[in-house]
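Enquirer: Just one file: work_38.pdb, with PDB, C-alpha atoms.
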```pdb
ATOM      1  CA  MET A   1     196.693 106.441   7.642
ATOM      2  CA  ARG A   2     193.589 108.541   8.173
ATOM      3  CA  PHE A   3     191.547 105.703   6.797
ATOM      4  CA  LEU A   4     193.083 103.282   9.312
ATOM      5  CA  THR A   5     192.492 105.749  12.182
ATOM      6  CA  GLY A   6     188.877 106.200  11.074
ATOM      7  CA  LEU A   7     188.424 102.432  10.918
ATOM      8  CA  LEU A   8     189.800 102.012  14.446
ATOM      9  CA  MET A   9     187.505 104.768  15.769
ATOM     10  CA  LEU A  10     184.515 103.165  14.037
ATOM     11  CA  SER A  11     185.345  99.772  15.547
ATOM     12  CA  GLY A  12     185.657 101.408  18.991
ATOM     13  CA  PHE A  13     182.225 103.021  18.632
ATOM     14  CA  LEU A  14     180.711  99.734  17.452
ATOM     15  CA  THR A  15     182.257  97.873  20.390
ATOM     16  CA  ALA A  16     180.812 100.407  22.832
ATOM     17  CA  ALA A  17     177.413 100.195  21.128
ATOM     18  CA  VAL A  18     177.419  96.393  21.282
ATOM     19  CA  ARG A  19     178.306  96.514  24.983
ATOM     20  CA  ASP A  20     175.399  98.898  25.627
ATOM     21  CA  CYS A  21     172.976  96.653  23.696
ATOM     22  CA  GLY A  22     174.230  93.616  25.581
ATOM     23  CA  ALA A  23     173.814  95.435  28.884
ATOM     24  CA  GLU A  24     170.230  96.292  28.029
ATOM     25  CA  GLU A  25     169.452  92.687  27.152
ATOM     26  CA  LEU A  26     171.154  91.510  30.319
ATOM     27  CA  SER A  27     169.208  93.902  32.519
ATOM     28  CA  ALA A  28     165.928  92.919  30.835
ATOM     29  CA  ALA A  29     166.749  89.261  31.469
ATOM     30  CA  ALA A  30     167.591  90.054  35.102
ATOM     31  CA  ARG A  31     164.229  91.819  35.551
ATOM     32  CA  ARG A  32     162.403  88.846  33.999
ATOM     33  CA  ILE A  33     164.250  86.356  36.230
ATOM     34  CA  ALA A  34     163.520  88.441  39.333
ATOM     35  CA  ALA A  35     159.821  88.609  38.416
ATOM     36  CA  ASN A  36     159.725  84.832  37.883
ATOM     37  CA  LYS A  37     161.406  84.216  41.238
ATOM     38  CA  ALA A  38     158.874  86.477  42.930
ATOM     39  CA  LYS A  39     155.997  84.571  41.308
ATOM     40  CA  LEU A  40     157.532  81.238  42.335
ATOM     41  CA  ALA A  41     158.010  82.444  45.909
ATOM     42  CA  GLU A  42     154.363  83.525  46.006
ATOM     43  CA  LEU A  43     153.235  80.099  44.734
ATOM     44  CA  ASP A  44     155.475  78.307  47.243
ATOM     45  CA  LYS A  45     154.030  80.433  50.034
ATOM     46  CA  GLU A  46     150.512  79.338  49.089
ATOM     47  CA  ALA A  47     151.375  75.637  48.628
ATOM     48  CA  VAL A  48     150.327  73.236  51.370
ATOM     49  CA  LYS A  49     153.238  71.188  52.654
ATOM     50  CA  THR A  50     153.037  67.687  54.120
ATOM     51  CA  GLY A  51     152.327  67.806  57.833
ATOM     52  CA  GLN A  52     150.788  71.278  57.841
ATOM     53  CA  THR A  53     147.586  71.984  59.684
ATOM     54  CA  VAL A  54     144.817  74.280  58.480
ATOM     55  CA  ALA A  55     146.186  77.092  60.650
ATOM     56  CA  ASP A  56     149.480  76.873  58.729
ATOM     57  CA  ILE A  57     147.893  77.322  55.314
ATOM     58  CA  GLY A  58     147.360  81.063  55.629
ATOM     59  CA  SER A  59     145.169  82.239  52.792
ATOM     60  CA  LEU A  60     142.641  79.386  52.934
ATOM     61  CA  SER A  61     139.142  80.847  52.890
ATOM     62  CA  ILE A  62     136.244  79.410  54.886
ATOM     63  CA  ASP A  63     134.652  78.172  51.653
ATOM     64  CA  ASP A  64     137.890  76.401  50.710
ATOM     65  CA  PHE A  65     138.113  74.911  54.182
ATOM     66  CA  LEU A  66     134.554  73.580  53.986
ATOM     67  CA  GLN A  67     135.393  71.811  50.710
ATOM     68  CA  LEU A  68     138.312  69.895  52.238
ATOM     69  CA  GLN A  69     137.744  66.187  52.731
ATOM     70  CA  ALA A  70     139.130  64.202  55.628
ATOM     71  CA  VAL A  71     141.943  61.763  54.868
ATOM     72  CA  PRO A  72     141.226  58.281  56.258
ATOM     73  CA  ASP A  73     143.501  57.255  59.121
ATOM     74  CA  GLY A  74     146.600  55.378  58.059
ATOM     75  CA  LEU A  75     146.864  56.903  54.584
ATOM     76  CA  ASP A  76     149.883  58.932  53.602
ATOM     77  CA  ALA A  77     149.769  61.792  51.101
ATOM     78  CA  VAL A  78     150.268  59.495  48.098
ATOM     79  CA  GLY A  79     147.541  57.101  49.233
ATOM     80  CA  ALA A  80     145.117  59.955  49.908
ATOM     81  CA  ASP A  81     145.798  61.403  46.450
ATOM     82  CA  ALA A  82     145.263  57.987  44.841
ATOM     83  CA  LEU A  83     141.989  57.614  46.748
ATOM     84  CA  ALA A  84     140.820  61.064  45.701
ATOM     85  CA  HIS A  85     141.555  60.364  42.030
ATOM     86  CA  ALA A  86     140.479  56.704  41.953
ATOM     87  CA  ASP A  87     137.696  57.418  39.456
ATOM     88  CA  GLU A  88     140.302  58.704  36.993
ATOM     89  CA  SER A  89     142.679  55.731  37.312
ATOM     90  CA  MET A  90     141.396  54.021  34.152
ATOM     91  CA  ASP A  91     141.366  57.164  31.978
ATOM     92  CA  PHE A  92     144.307  55.883  29.943
ATOM     93  CA  MET A  93     141.983  53.377  28.212
ATOM     94  CA  THR A  94     139.658  54.072  25.334
ATOM     95  CA  ALA A  95     136.053  52.893  25.634
ATOM     96  CA  ASN A  96     136.769  49.890  23.375
ATOM     97  CA  GLN A  97     139.792  48.921  25.472
ATOM     98  CA  ALA A  98     137.673  49.173  28.619
ATOM     99  CA  VAL A  99     135.008  46.903  27.090
ATOM    100  CA  ASP A 100     137.692  44.402  26.074
ATOM    101  CA  ALA A 101     139.173  44.491  29.596
ATOM    102  CA  ILE A 102     135.733  43.832  31.097
ATOM    103  CA  LYS A 103     135.244  40.854  28.754
ATOM    104  CA  VAL A 104     138.612  39.396  29.764
ATOM    105  CA  MET A 105     137.741  39.805  33.446
ATOM    106  CA  ARG A 106     134.429  38.048  32.930
ATOM    107  CA  GLN A 107     136.206  35.194  31.086
ATOM    108  CA  ASN A 108     138.515  34.794  34.071
ATOM    109  CA  GLY A 109     135.590  34.408  36.448
ATOM    110  CA  ILE A 110     135.350  37.909  37.884
ATOM    111  CA  GLU A 111     131.726  38.774  38.537
ATOM    112  CA  LEU A 112     130.940  42.296  37.346
ATOM    113  CA  PRO A 113     127.527  43.984  37.140
ATOM    114  CA  ASP A 114     125.385  43.064  34.145
ATOM    115  CA  GLY A 115     125.293  45.628  31.347
ATOM    116  CA  LEU A 116     128.592  47.254  32.309
ATOM    117  CA  GLU A 117     129.872  47.012  28.741
ATOM    118  CA  ASP A 118     126.772  48.814  27.427
ATOM    119  CA  LYS A 119     127.114  51.567  30.043
ATOM    120  CA  VAL A 120     130.756  52.108  29.057
ATOM    121  CA  LYS A 121     129.837  52.253  25.356
ATOM    122  CA  LYS A 122     127.016  54.745  26.021
ATOM    123  CA  ASP A 123     129.088  56.998  28.278
ATOM    124  CA  PRO A 124     132.753  56.668  27.185
ATOM    125  CA  ASP A 125     133.771  59.875  29.002
ATOM    126  CA  ASN A 126     132.866  58.270  32.347
ATOM    127  CA  ALA A 127     134.246  54.797  31.506
ATOM    128  CA  SER A 128     136.881  54.983  34.235
ATOM    129  CA  LYS A 129     134.356  55.977  36.889
ATOM    130  CA  LEU A 130     131.927  53.241  35.798
ATOM    131  CA  MET A 131     134.674  50.611  35.928
ATOM    132  CA  MET A 132     135.870  51.704  39.374
ATOM    133  CA  GLU A 133     132.292  51.566  40.687
ATOM    134  CA  ALA A 134     131.948  48.046  39.233
ATOM    135  CA  PHE A 135     135.259  46.973  40.797
ATOM    136  CA  SER A 136     134.000  48.072  44.202
ATOM    137  CA  THR A 137     131.219  45.474  43.913
ATOM    138  CA  ILE A 138     133.640  42.561  43.428
ATOM    139  CA  ALA A 139     133.414  40.240  46.417
ATOM    140  CA  PRO A 140     136.668  39.128  48.049
ATOM    141  CA  SER A 141     137.951  35.741  46.958
ATOM    142  CA  ASN A 142     137.267  32.697  49.122
ATOM    143  CA  ALA A 143     140.160  30.819  47.527
ATOM    144  CA  SER A 144     142.977  29.488  49.649
ATOM    145  CA  ALA A 145     146.543  30.754  49.330
ATOM    146  CA  ASP A 146     147.531  27.653  47.321
ATOM    147  CA  GLU A 147     144.607  28.130  44.917
ATOM    148  CA  ILE A 148     145.568  31.772  44.415
ATOM    149  CA  LYS A 149     149.190  30.770  43.682
ATOM    150  CA  ALA A 150     147.965  28.193  41.146
ATOM    151  CA  MET A 151     145.723  30.780  39.463
ATOM    152  CA  ARG A 152     148.603  33.249  39.355
ATOM    153  CA  ARG A 153     150.924  30.665  37.764
ATOM    154  CA  LYS A 154     148.217  29.783  35.211
ATOM    155  CA  VAL A 155     147.712  33.441  34.257
ATOM    156  CA  MET A 156     151.466  33.950  34.004
ATOM    157  CA  ARG A 157     151.835  30.896  31.724
ATOM    158  CA  GLN A 158     148.965  32.097  29.521
ATOM    159  CA  SER A 159     150.537  35.554  29.315
ATOM    160  CA  GLU A 160     153.970  34.140  28.535
ATOM    161  CA  ASN A 161     152.495  32.004  25.741
ATOM    162  CA  ALA A 162     150.537  34.926  24.327
ATOM    163  CA  LEU A 163     153.397  37.446  24.554
ATOM    164  CA  GLY A 164     156.280  35.121  23.721
ATOM    165  CA  PHE A 165     158.636  35.870  26.626
ATOM    166  CA  SER A 166     159.021  34.629  30.170
ATOM    167  CA  PHE A 167     158.481  36.705  33.283
ATOM    168  CA  LYS A 168     161.519  35.034  34.839
ATOM    169  CA  SER A 169     163.755  36.537  32.138
ATOM    170  CA  ILE A 170     162.304  39.985  32.824
ATOM    171  CA  VAL A 171     162.873  39.630  36.570
ATOM    172  CA  ASP A 172     166.427  38.360  35.967
ATOM    173  CA  ASN A 173     167.157  41.311  33.649
ATOM    174  CA  GLN A 174     165.805  43.757  36.221
ATOM    175  CA  ARG A 175     167.902  42.138  38.948
ATOM    176  CA  LYS A 176     171.033  42.432  36.773
ATOM    177  CA  MET A 177     170.280  46.068  35.985
ATOM    178  CA  MET A 178     169.677  46.913  39.636
ATOM    179  CA  THR A 179     172.858  45.205  40.805
ATOM    180  CA  SER A 180     174.877  47.005  38.135
ATOM    181  CA  VAL A 181     173.376  50.310  39.302
ATOM    182  CA  LYS A 182     174.255  49.474  42.920
ATOM    183  CA  ASN A 183     177.799  48.522  41.948
ATOM    184  CA  LYS A 184     178.237  51.761  39.999
ATOM    185  CA  LYS A 185     177.047  53.812  42.979
ATOM    186  CA  LYS A 186     179.513  52.084  45.313
ATOM    187  CA  LYS A 187     182.489  52.939  43.087
TER
END
```
Now, as a test, write the supplied structure out as structure tokens.
Expert:
Amino acid sequence: MRFLTGLLMLSGFLTAAVRDCGAEELSAAARRIAANKAKLAELDKEAVKTGQTVADIGSLSIDDFLQLQAVPDGLDAVGADALAHADESMDFMTANQAVDAIKVMRQNGIELPDGLEDKVKKDPDNASKLMMEAFSTIAPSNASADEIKAMRRKVMRQSENALGFSFKSIVDNQRKMMTSVKNKKKK
């Protein structure tokens, strides 16, 4: 009987000890969460929101203000961001892929500056910037709307033959998926 009483007392002490350990872990987690929320609130306070003026920004220094660039009229935040990072828009390509893309463009009649391929090979880290600069030199097309449609159909047929599937099937599949999503939302 004494053994059973001792065992019950030991289990009671262990239960109390486990509760204390759990409470310490819980309080440490609460402190960590509170610190993270404070850091997040501080970051949110410093973040510039859409529609804010410079006076709303708060901690913007004069040097920071002088480095700001004006957003062209008519651009929204997404368009302004795309414009600011236009030189990086082709960074997903390797230098060899960029050279191949330039060759394909030349084969399709797009006039690009001479020696662009060599520049990309010599400076692969700036391939995206070099390509975007070359694209800015492309003159607008003088083709009529019907000629552009014919060119588009020709490119689509060539792509379908090369890839082995039709664009119409892709569009039909997307339409089916979108209508099934709409129907699910209505239910």
Enquirer: Please compute the atom CA of Gly79 of chain A-atom CA of Ser128 of chain A distance, one decimal, in Å.
Expert: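 Pair atom CA of Gly79 of chain A / atom CA of Ser128 of chain A returns 18.5 Å.
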Enquirer: I'd like to see the residues matched by the PyMOL selection byres ((chain A and resi 91) around 10) on this file, and ideally I'd get them as a ChimeraX atom specification.
Expert: /A:87-90,92-95,98,124-129
Enquirer: Mind checking which residues fall within 10 Å of Phe135 of chain A, counting only C-alpha atoms, ignoring those fewer than 3 positions away in the same chain, and posting them as a ChimeraX atom specification?
Expert: /A:110-113,129-132,138-139
Enquirer: Limited to C-alpha atoms, could you put the picked residues into a file as a short mmCIF file (atom, residue, chain, number, x, y, z; two decimals), keeping the file's coordinate frame?
Expert:
```
data_model
loop_
_atom_site.label_atom_id
_atom_site.label_comp_id
_atom_site.auth_asym_id
_atom_site.auth_seq_id
_atom_site.Cartn_x
_atom_site.Cartn_y
_atom_site.Cartn_z
CA ILE A 110 135.35 37.91 37.88
CA GLU A 111 131.73 38.77 38.54
CA LEU A 112 130.94 42.30 37.35
CA PRO A 113 127.53 43.98 37.14
CA LYS A 129 134.36 55.98 36.89
CA LEU A 130 131.93 53.24 35.80
CA MET A 131 134.67 50.61 35.93
CA MET A 132 135.87 51.70 39.37
CA ILE A 138 133.64 42.56 43.43
CA ALA A 139 133.41 40.24 46.42
#
```
Enquirer: Can you tell me how far atom CA of Asn96 of chain A sits from atom CA of Val120 of chain A, in Å to one decimal?
Expert: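 If I compute the distance from atom CA of Asn96 of chain A to atom CA of Val120 of chain A, I get 8.6 Å.
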Enquirer: Hey, which of A:Met105, A:Ala134, A:Arg175, A:Ser180 ends up closest to Val155 of chain A? Count only C-alpha atoms.
Expert: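 Among the listed residues, A:Met105 lies closest to Val155 of chain A.
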Enquirer: Do you have the atom CA of Arg153 of chain A-atom CA of Lys103 of chain A distance handy?
Expert: 20.8 Å
